[in-house]
$ cat final_24.txt   # compact mmCIF, C-alpha atoms and all ligand atoms
# COMPACT_ATOMS: atom_id res chain seq x y z
CA SER B 400 -45.11 13.73 -23.47
CA ILE B 401 -41.44 14.55 -23.08
CA PRO B 402 -40.43 18.16 -23.77
CA LEU B 403 -37.91 18.37 -26.56
CA SER B 404 -35.34 20.03 -24.28
CA PHE B 405 -34.94 16.75 -22.39
CA PHE B 406 -33.39 15.15 -25.46
CA GLY B 407 -30.95 18.05 -25.49
CA GLY B 408 -30.33 17.53 -21.77
CA ILE B 409 -29.67 13.81 -22.16
CA GLY B 410 -27.40 14.53 -25.13
CA GLY B 411 -25.53 17.21 -23.20
CA ALA B 412 -25.09 14.84 -20.27
CA SER B 413 -23.75 12.10 -22.51
CA ARG B 414 -21.18 14.49 -23.97
CA SER B 415 -20.04 15.08 -20.38
CA GLY B 416 -19.64 11.33 -19.84
CA ILE B 417 -22.97 10.92 -18.03
CA LEU B 418 -25.40 8.32 -19.38
CA VAL B 419 -29.00 9.06 -18.33
CA LYS B 420 -31.39 6.16 -18.96
CA GLY B 421 -34.57 8.26 -19.18
CA SER B 422 -35.83 11.85 -19.07
CA ASN B 423 -37.61 11.15 -15.76
CA TYR B 424 -34.23 10.62 -14.07
CA LEU B 425 -32.90 13.86 -15.51
CA GLU B 426 -35.94 15.65 -14.08
CA ALA B 427 -35.61 13.89 -10.70
CA LEU B 428 -31.98 15.02 -10.36
CA ALA B 429 -33.09 18.65 -10.02
CA GLN B 430 -35.17 17.63 -6.96
CA THR B 431 -32.40 15.76 -5.15
CA GLU B 432 -32.29 16.47 -1.40
CA ILE B 433 -30.15 13.58 -0.16
CA VAL B 434 -27.08 12.10 -1.83
CA VAL B 435 -25.83 8.80 -0.45
CA PHE B 436 -22.39 7.52 -1.43
CA ASP B 437 -20.79 4.12 -1.19
CA LYS B 438 -17.17 4.44 -0.05
CA THR B 439 -14.94 1.90 -1.77
CA GLY B 440 -14.42 2.66 -5.45
CA THR B 441 -16.85 5.59 -5.31
CA LEU B 442 -15.32 8.20 -2.97
CA THR B 443 -12.07 6.27 -2.66
CA LYS B 444 -9.96 4.89 -5.51
CA GLY B 445 -10.86 1.27 -4.72
CA VAL B 446 -7.21 0.41 -5.10
CA PHE B 447 -5.90 -0.89 -1.79
CA ASN B 448 -2.19 -1.06 -1.12
CA VAL B 449 -0.73 -3.52 1.35
CA GLN B 450 0.75 -1.58 4.31
CA GLU B 451 1.69 -4.28 6.82
CA ILE B 452 1.75 -8.06 7.08
CA HIS B 453 1.56 -9.56 10.59
CA PRO B 454 1.90 -13.35 10.43
CA GLU B 455 1.22 -15.66 13.36
CA ASN B 456 2.89 -19.10 13.42
CA ILE B 457 3.49 -18.86 9.67
CA SER B 458 5.96 -16.94 7.46
CA LYS B 459 5.00 -13.63 5.85
CA GLU B 460 5.49 -15.17 2.42
CA GLU B 461 3.21 -18.10 3.16
CA LEU B 462 0.54 -15.89 4.72
CA LEU B 463 0.47 -13.65 1.62
CA GLU B 464 0.52 -16.63 -0.75
CA LEU B 465 -2.33 -18.51 0.96
CA THR B 466 -4.38 -15.30 1.15
CA ALA B 467 -3.81 -14.43 -2.52
CA TYR B 468 -4.77 -17.99 -3.47
CA ALA B 469 -7.93 -17.95 -1.33
CA GLU B 470 -8.85 -14.59 -2.90
CA SER B 471 -8.00 -15.62 -6.45
CA TYR B 472 -11.59 -15.96 -7.70
CA SER B 473 -12.92 -12.83 -5.99
CA ASN B 474 -13.60 -9.64 -7.90
CA HIS B 475 -13.55 -7.43 -4.79
CA PRO B 476 -11.06 -4.51 -4.80
CA ILE B 477 -9.47 -6.05 -1.67
CA SER B 478 -8.82 -9.27 -3.57
CA HIS B 479 -7.24 -7.43 -6.51
CA SER B 480 -4.83 -5.63 -4.17
CA LEU B 481 -3.73 -8.85 -2.44
CA LYS B 482 -3.16 -10.64 -5.77
CA ARG B 483 -1.19 -7.65 -7.05
CA THR B 484 1.04 -7.59 -3.97
CA TYR B 485 1.60 -11.36 -4.18
CA GLY B 486 2.69 -10.70 -7.77
CA LYS B 487 3.12 -14.29 -9.00
CA ASP B 488 0.82 -16.31 -11.26
CA ILE B 489 -1.87 -18.30 -9.47
CA ASP B 490 -2.01 -22.06 -10.14
CA ASN B 491 -5.75 -22.78 -10.08
CA GLU B 492 -5.12 -26.50 -9.56
CA ARG B 493 -4.09 -25.75 -5.99
CA ILE B 494 -7.50 -24.21 -5.11
CA THR B 495 -10.86 -25.87 -4.42
CA ASN B 496 -14.06 -25.14 -2.45
CA VAL B 497 -14.03 -21.41 -3.08
CA GLU B 498 -16.76 -19.43 -1.34
CA GLU B 499 -17.26 -15.67 -1.06
CA THR B 500 -19.68 -14.10 1.41
CA ALA B 501 -20.69 -10.49 0.80
CA GLY B 502 -19.48 -8.16 3.55
CA HIS B 503 -17.39 -10.93 5.15
CA GLY B 504 -14.65 -12.30 2.89
CA VAL B 505 -13.66 -15.59 1.31
CA THR B 506 -12.93 -19.19 2.24
CA ALA B 507 -11.14 -21.73 0.04
CA THR B 508 -9.10 -24.89 0.24
CA VAL B 509 -5.51 -24.18 -0.83
CA ASP B 510 -2.96 -27.05 -1.01
CA GLY B 511 -5.43 -29.03 1.11
CA LYS B 512 -5.53 -26.34 3.81
CA LYS B 513 -8.72 -24.51 4.71
CA VAL B 514 -8.00 -20.78 4.32
CA MET B 515 -10.34 -18.00 5.46
CA ALA B 516 -9.62 -14.35 4.67
CA GLY B 517 -11.89 -11.51 5.65
CA ASN B 518 -12.98 -9.09 8.34
CA ILE B 519 -13.79 -9.59 12.04
CA ARG B 520 -17.32 -10.56 11.11
CA LEU B 521 -15.96 -13.58 9.22
CA MET B 522 -13.62 -14.50 12.10
CA GLU B 523 -16.48 -14.24 14.59
CA LYS B 524 -18.78 -16.30 12.40
CA MET B 525 -16.10 -19.00 12.17
CA GLY B 526 -15.20 -18.79 15.87
CA ILE B 527 -11.57 -17.77 15.26
CA PRO B 528 -9.95 -15.52 17.92
CA TYR B 529 -8.25 -12.58 16.13
CA PHE B 530 -6.01 -9.54 16.77
CA LYS B 531 -8.15 -6.79 18.32
CA GLY B 532 -5.66 -3.89 18.54
CA GLU B 533 -6.16 -0.49 16.96
CA VAL B 534 -5.04 -0.40 13.31
CA VAL B 535 -5.29 2.48 10.83
CA GLY B 536 -6.50 0.87 7.64
CA THR B 537 -8.68 -1.96 6.41
CA VAL B 538 -7.71 -5.27 8.02
CA VAL B 539 -7.88 -8.69 6.36
CA HIS B 540 -7.70 -11.39 9.01
CA VAL B 541 -6.59 -14.86 7.94
CA ALA B 542 -7.10 -18.31 9.45
CA VAL B 543 -5.52 -21.55 8.22
CA ASP B 544 -7.10 -24.86 9.25
CA ASN B 545 -9.18 -23.03 11.86
CA GLU B 546 -6.11 -21.44 13.53
CA TYR B 547 -5.50 -17.70 13.42
CA ALA B 548 -2.63 -17.02 10.98
CA GLY B 549 -2.37 -13.23 11.35
CA TYR B 550 -3.59 -10.15 9.50
CA ILE B 551 -2.77 -7.93 6.56
CA VAL B 552 -3.39 -4.17 6.71
CA ILE B 553 -4.39 -2.53 3.44
CA ALA B 554 -5.25 1.09 2.68
CA ASP B 555 -7.18 2.87 -0.01
CA GLU B 556 -6.97 6.58 -0.89
CA VAL B 557 -9.67 9.20 -1.25
CA LYS B 558 -10.02 10.25 -4.91
CA ALA B 559 -8.71 13.73 -5.62
CA ASP B 560 -12.06 14.52 -7.26
CA SER B 561 -14.17 13.55 -4.22
CA ALA B 562 -13.52 16.76 -2.25
CA GLN B 563 -14.66 18.83 -5.24
CA ALA B 564 -17.74 16.62 -5.63
CA ILE B 565 -18.78 17.21 -2.01
CA ARG B 566 -18.09 20.97 -2.24
CA GLU B 567 -20.24 21.27 -5.36
CA LEU B 568 -23.09 19.28 -3.85
CA LYS B 569 -23.04 21.50 -0.76
CA ALA B 570 -23.06 24.57 -3.03
CA ALA B 571 -26.06 23.07 -4.84
CA ASN B 572 -27.92 23.04 -1.48
CA ILE B 573 -28.13 19.28 -1.10
CA LYS B 574 -29.57 18.82 2.41
CA GLN B 575 -27.66 15.70 3.43
CA ILE B 576 -24.56 13.99 2.08
CA VAL B 577 -24.21 10.51 3.53
CA MET B 578 -21.69 7.67 3.18
CA LEU B 579 -22.51 3.98 3.63
CA THR B 580 -19.73 1.42 3.85
CA GLY B 581 -19.17 -2.19 4.69
CA ASP B 582 -15.69 -1.29 5.87
CA ALA B 583 -14.67 -0.78 9.52
CA GLN B 584 -15.94 2.17 11.55
CA ASN B 585 -12.51 3.82 11.95
CA VAL B 586 -11.86 3.67 8.20
CA GLY B 587 -15.31 5.09 7.40
CA THR B 588 -14.96 7.88 9.96
CA LYS B 589 -11.56 8.91 8.62
CA VAL B 590 -12.80 9.23 5.02
CA GLY B 591 -16.07 10.89 6.08
CA LYS B 592 -14.32 13.53 8.21
CA GLU B 593 -11.72 14.23 5.54
CA LEU B 594 -14.52 14.99 3.07
CA GLY B 595 -16.85 16.77 5.49
CA LEU B 596 -19.81 14.43 5.04
CA ASP B 597 -22.95 14.92 7.14
CA LYS B 598 -23.37 11.27 8.15
CA ILE B 599 -21.25 8.12 8.06
CA TYR B 600 -22.56 4.60 8.55
CA ALA B 601 -19.99 1.78 8.60
CA GLU B 602 -19.79 -2.02 9.00
CA LEU B 603 -22.94 -2.48 6.93
CA LEU B 604 -23.90 -5.64 5.08
CA PRO B 605 -25.55 -5.15 1.67
CA ALA B 606 -28.99 -5.64 3.29
CA ASP B 607 -28.16 -3.11 6.04
CA LYS B 608 -27.43 -0.56 3.33
CA VAL B 609 -30.99 -0.96 1.97
CA GLU B 610 -32.32 -0.56 5.52
CA LYS B 611 -30.32 2.66 6.04
CA LEU B 612 -31.68 3.96 2.76
CA GLU B 613 -35.23 3.43 4.07
CA GLU B 614 -34.34 5.49 7.17
CA LEU B 615 -32.99 8.29 4.98
CA PHE B 616 -36.09 8.26 2.75
CA ALA B 617 -38.10 9.28 5.81
CA GLN B 618 -35.91 12.39 6.17
CA LYS B 619 -36.64 14.01 2.82
CA SER B 620 -39.65 16.04 1.73
CA ALA B 621 -42.47 14.42 -0.25
CA LYS B 622 -41.26 15.76 -3.60
CA GLY B 623 -37.55 15.56 -2.75
CA LYS B 624 -35.45 12.77 -4.23
CA LEU B 625 -32.75 10.53 -2.83
CA ALA B 626 -29.80 9.57 -5.03
CA PHE B 627 -27.44 6.69 -4.29
CA VAL B 628 -24.01 6.57 -5.90
CA GLY B 629 -22.05 3.31 -5.94
CA ASP B 630 -19.38 1.43 -7.84
CA GLY B 631 -21.50 -1.62 -7.71
CA ILE B 632 -19.85 -4.56 -6.03
CA ASN B 633 -22.79 -5.77 -3.87
CA ASP B 634 -24.61 -2.48 -4.39
CA ALA B 635 -27.25 -3.47 -6.97
CA PRO B 636 -30.08 -3.66 -4.34
CA VAL B 637 -29.41 -0.10 -3.06
CA LEU B 638 -28.99 1.25 -6.60
CA ALA B 639 -32.39 -0.21 -7.47
CA ARG B 640 -34.10 1.11 -4.29
CA ALA B 641 -32.92 4.75 -4.59
CA ASP B 642 -35.05 7.29 -6.50
CA ILE B 643 -31.98 7.82 -8.64
CA GLY B 644 -29.39 5.03 -8.73
CA ILE B 645 -26.06 6.29 -10.03
CA ALA B 646 -23.27 3.86 -10.94
CA MET B 647 -19.65 4.89 -11.37
CA GLY B 648 -18.74 3.25 -14.65
CA GLY B 649 -14.99 3.64 -14.35
CA LEU B 650 -14.47 0.65 -12.06
CA GLY B 651 -18.10 -0.38 -11.75
CA SER B 652 -19.45 -3.88 -12.21
CA ASP B 653 -21.82 -4.87 -15.02
CA ALA B 654 -24.56 -5.63 -12.48
CA ALA B 655 -24.33 -2.07 -11.15
CA ILE B 656 -24.44 -0.50 -14.60
CA GLU B 657 -27.52 -2.63 -15.33
CA ALA B 658 -29.27 -1.69 -12.04
CA ALA B 659 -28.47 2.03 -12.30
CA ASP B 660 -30.62 4.85 -13.72
CA ILE B 661 -27.60 7.01 -14.47
CA VAL B 662 -24.07 5.84 -15.28
CA ILE B 663 -21.03 8.08 -14.80
CA MET B 664 -18.63 6.89 -17.47
CA THR B 665 -15.52 8.14 -15.65
CA ASP B 666 -14.50 7.57 -12.04
CA GLU B 667 -15.22 11.20 -11.04
CA PRO B 668 -17.96 11.70 -8.42
CA SER B 669 -18.02 15.45 -9.24
CA LYS B 670 -19.93 14.47 -12.41
CA ILE B 671 -22.98 14.12 -10.17
CA ALA B 672 -23.00 17.87 -9.56
CA THR B 673 -22.44 18.38 -13.30
CA ALA B 674 -25.48 16.17 -14.00
CA MET B 675 -27.58 18.21 -11.54
CA LYS B 676 -26.60 21.45 -13.28
CA ILE B 677 -27.58 19.98 -16.67
CA SER B 678 -30.86 18.81 -15.13
CA GLN B 679 -31.70 22.25 -13.71
CA LYS B 680 -30.86 23.98 -16.98
CA THR B 681 -33.00 21.50 -18.95
CA LEU B 682 -35.97 22.08 -16.63
CA ARG B 683 -35.66 25.84 -17.00
CA ILE B 684 -35.81 25.49 -20.78
CA ALA B 685 -38.73 23.03 -20.59
CA ARG B 686 -40.86 25.39 -18.51
P1 LIG B 701 -17.91 -1.59 0.72
O1 LIG B 701 -18.02 -1.55 -0.77
O2 LIG B 701 -18.88 -0.67 1.38
O3 LIG B 701 -16.52 -1.39 1.23
P2 LIG B 701 -18.34 -4.51 0.82
O4 LIG B 701 -19.69 -5.04 1.19
O5 LIG B 701 -17.88 -4.72 -0.56
O6 LIG B 701 -18.39 -3.00 1.26
O7 LIG B 701 -17.25 -5.13 1.81
C1 LIG B 701 -17.34 -4.91 3.19
C2 LIG B 701 -16.20 -5.52 3.93
O8 LIG B 701 -16.24 -6.95 3.80
C3 LIG B 701 -14.82 -5.14 3.43
O9 LIG B 701 -14.40 -3.90 3.97
C4 LIG B 701 -14.00 -6.32 3.94
O10 LIG B 701 -13.71 -6.15 5.32
C5 LIG B 701 -14.94 -7.48 3.78
N1 LIG B 701 -14.74 -8.18 2.49
C6 LIG B 701 -15.60 -8.23 1.45
N2 LIG B 701 -15.11 -8.95 0.44
C7 LIG B 701 -13.86 -9.36 0.83
C8 LIG B 701 -12.82 -10.15 0.23
N3 LIG B 701 -12.92 -10.65 -0.99
N4 LIG B 701 -11.70 -10.36 0.97
C9 LIG B 701 -11.56 -9.86 2.21
N5 LIG B 701 -12.49 -9.12 2.82
C10 LIG B 701 -13.63 -8.87 2.15
MG MG B 702 -18.72 -1.76 -2.63

$ encode --input "final_24.txt" --output "structure tokens"
Amino acid sequence: SIPLSFFGGIGGASRSGILVKGSNYLEALAQTEIVVFDKTGTLTKGVFNVQEIHPENISKEELLELTAYAESYSNHPISHSLKRTYGKDIDNERITNVEETAGHGVTATVDGKKVMAGNIRLMEKMGIPYFKGEVVGTVVHVAVDNEYAGYIVIADEVKADSAQAIRELKAANIKQIVMLTGDAQNVGTKVGKELGLDKIYAELLPADKVEKLEELFAQKSAKGKLAFVGDGINDAPVLARADIGIAMGGLGSDAAIEAADIVIMTDEPSKIATAMKISQKTLRIAR
């Protein structure tokens, strides 16, 4: 049976903007040893701003337009930023054959041209030679009709609340704070160092994230729990695999909210530490 105090705990959490889907998850929170974060939209704002546009054999305007068109059906934060920078309405009649590949990018036919926009993994898969220099930021490479057309550098910002979230988790004696990201190594390292995370794994496909989670499971004690926190785009499998799957509801996708055990209704990762405090208090009352 469920001690009455758990209803109080779940109610208290909900008043703090934390939706707990069952008393077992509230109890598990108090035993958390490892907290694993997704980067984009979870520790960072998930709002990328275009920093630089480097066209090759095409004008800047055309590169941005073809990219925004190719991205028009995507729901990824990268896509939203490119459409926002393009700024004009998209004429859907100009787009066909849209395909999005998780952890890679998109391909589409725009005005009869085959446009690919994504990371180096997509370029390598398609056999397109691309710019390999050092860039600070997330890079979207673009090819038009199988020819390299240049790259767009975008950058996201760490949420102001993330530093507090990490500090509070460290104060709560969490043994490991880890970040998993599909983004480039240099971007992941920069965010991870800024926040003082224990481990950073980058350039992961959604399936690689599940694999990393399995590795981390082996590093906790038998009764210890592992929590994963994500905003959801492509993260439903990891949310489901974690002992405690936590979705950030602020920007999060419906699939993530569905797959999660706990939903943070705001975009503040520090609510995870708040939830742990509520959990510990509830357990003390229950015992
Ligand atoms: P994460 O949420 O960890 O950043 P994702 O799996 O959502 O990881 O994306 C990983 C990488 O795949 C992105 O950093 C980007 O390089 C590429 N990517 C994914 N979707 C798109 C898209 N719509 N347009 C361009 N690149 C994309
Ligand atoms: Mg994501």

$ residues_near_ligand --input "final_24.txt" --ligand "ligand LIG 701 (chain B)" --cutoff "6 Å" --atoms "all atoms listed in the file" --output "PyMOL selection string"
chain B and resi 437-439+470+473+475+477-478+501-505+516-518+539+580-582+604-605+632-633

$ residues_around --input "final_24.txt" --residues "B:Gly410" --least-positions-apart "6" --cutoff "12 Å" --atoms "all atoms listed in the file" --output "VMD selection string"
chain B and resid 403 to 404 416 to 422 425 674 677 to 678 681

$ closest_residue --input "final_24.txt" --among "B:Met525, B:Leu594, B:Ala639, B:Val509" --to "B:Val557" --atoms "all atoms listed in the file"
B:Leu594

$ atom_distance --input "final_24.txt" --atom1 "atom CA of B:Glu499" --atom2 "atom CA of B:Asp555"
21.1 Å

$ atom_distance --input "final_24.txt" --atom1 "atom CA of B:Gln450" --atom2 "atom CA of B:Leu463"
12.4 Å

$ closest_residue --input "final_24.txt" --among "B:Ala626, B:Ala564, B:Ile519, B:Ala635" --to "ligand MG 702 (chain B)" --atoms "all atoms listed in the file"
B:Ala635

$ atom_distance --input "final_24.txt" --atom1 "atom CA of B:Asn448" --atom2 "atom CA of B:Val535"
12.8 Å

$ closest_atom_pairs --input "final_24.txt" --of "stretch 490-605 of chain B" --to "stretch 609-622 of chain B" --cutoff "9 Å" --atoms "only C-alpha atoms" --output "CSV"
residue,atom,partner,partner_atom,distance
B:Lys574,CA,B:Lys619,CA,8.6
B:Leu579,CA,B:Lys611,CA,8.3
B:Tyr600,CA,B:Lys611,CA,8.4
B:Pro605,CA,B:Val609,CA,6.9

$ residues_around --input "final_24.txt" --residues "B:Val497" --least-positions-apart "4" --cutoff "7 Å" --atoms "only C-alpha atoms" --output "compact mmCIF listing (two decimals) with C-alpha atoms, in the frame of the given file"
# COMPACT_ATOMS: atom_id res chain seq x y z
CA THR B 506 -12.93 -19.19 2.24
CA ALA B 507 -11.14 -21.73 0.04
CA THR B 508 -9.10 -24.89 0.24

$ residues_near_point --input "final_24.txt" --point "(-6.9, -11.2, 8.8)" --cutoff "12 Å" --atoms "all atoms listed in the file" --output "VMD selection string"
chain B and resid 451 to 455 462 to 463 465 to 466 477 481 503 to 506 514 to 523 527 to 531 534 537 to 543 546 to 553

$ closest_residue --input "final_24.txt" --among "B:Lys444, B:Arg483, B:Lys558, B:Arg414" --to "ligand MG 702 (chain B)" --atoms "only C-alpha atoms and all ligand atoms"
B:Lys444

$ closest_residue --input "final_24.txt" --among "B:Glu667, B:Asp597, B:Glu426, B:Glu432" --to "B:Gly623" --atoms "all atoms listed in the file"
B:Glu432

$ axis_aligned_box --input "final_24.txt" --around "stretch 566-572 of chain B" --padding-each-side "8 Å" --output "JSON"
{"center_x": -23.0, "center_y": 21.9, "center_z": -3.1, "size_x": 25.8, "size_y": 21.3, "size_z": 20.6}

$ closest_residue --input "final_24.txt" --among "B:Gly532, B:Gly408, B:Gly511, B:Gly631" --to "ligand MG 702 (chain B)" --atoms "all atoms listed in the file"
B:Gly631

$ closest_residue --input "final_24.txt" --among "B:Gly536, B:Gly411, B:Gly648, B:Gly629" --to "ligand MG 702 (chain B)" --atoms "all atoms listed in the file"
B:Gly629

$ build_atoms --input "final_24.txt" --residues "stretch 564-581 of chain B" --atoms "N, CA and C atoms" --output "CSV table (one decimal), in the coordinates of the input"
chain,number,residue,atom,x,y,z
B,564,ALA,N,-16.4,17.1,-5.5
B,564,ALA,CA,-17.7,16.6,-5.6
B,564,ALA,C,-18.6,17.0,-4.4
B,565,ILE,N,-18.0,16.9,-3.2
B,565,ILE,CA,-18.8,17.2,-2.0
B,565,ILE,C,-19.0,18.7,-1.9
B,566,ARG,N,-18.0,19.5,-2.2
B,566,ARG,CA,-18.1,21.0,-2.2
B,566,ARG,C,-19.2,21.4,-3.2
B,567,GLU,N,-19.2,20.8,-4.4
B,567,GLU,CA,-20.2,21.3,-5.4
B,567,GLU,C,-21.6,20.9,-4.9
B,568,LEU,N,-21.8,19.7,-4.3
B,568,LEU,CA,-23.1,19.3,-3.8
B,568,LEU,C,-23.6,20.2,-2.7
B,569,LYS,N,-22.7,20.6,-1.8
B,569,LYS,CA,-23.0,21.5,-0.8
B,569,LYS,C,-23.5,22.8,-1.4
B,570,ALA,N,-22.7,23.3,-2.4
B,570,ALA,CA,-23.1,24.6,-3.0
B,570,ALA,C,-24.4,24.5,-3.7
B,571,ALA,N,-24.8,23.3,-4.1
B,571,ALA,CA,-26.1,23.1,-4.8
B,571,ALA,C,-27.2,22.9,-3.8
B,572,ASN,N,-26.9,23.1,-2.5
B,572,ASN,CA,-27.9,23.0,-1.5
B,572,ASN,C,-28.5,21.7,-1.2
B,573,ILE,N,-27.7,20.6,-1.5
B,573,ILE,CA,-28.1,19.3,-1.1
B,573,ILE,C,-28.2,19.2,0.4
B,574,LYS,N,-29.3,18.7,1.0
B,574,LYS,CA,-29.6,18.8,2.4
B,574,LYS,C,-28.7,17.9,3.2
B,575,GLN,N,-28.5,16.7,2.7
B,575,GLN,CA,-27.7,15.7,3.4
B,575,GLN,C,-26.8,14.9,2.5
B,576,ILE,N,-25.5,14.8,2.8
B,576,ILE,CA,-24.6,14.0,2.1
B,576,ILE,C,-24.1,12.9,3.0
B,577,VAL,N,-24.4,11.7,2.6
B,577,VAL,CA,-24.2,10.5,3.5
B,577,VAL,C,-23.3,9.5,2.9
B,578,MET,N,-22.5,8.8,3.7
B,578,MET,CA,-21.7,7.7,3.2
B,578,MET,C,-22.1,6.4,3.9
B,579,LEU,N,-22.3,5.3,3.1
B,579,LEU,CA,-22.5,4.0,3.6
B,579,LEU,C,-21.3,3.1,3.3
B,580,THR,N,-20.8,2.3,4.2
B,580,THR,CA,-19.7,1.4,3.8
B,580,THR,C,-19.8,0.1,4.6
B,581,GLY,N,-19.3,-0.9,4.0
B,581,GLY,CA,-19.2,-2.2,4.7
B,581,GLY,C,-17.9,-2.3,5.4
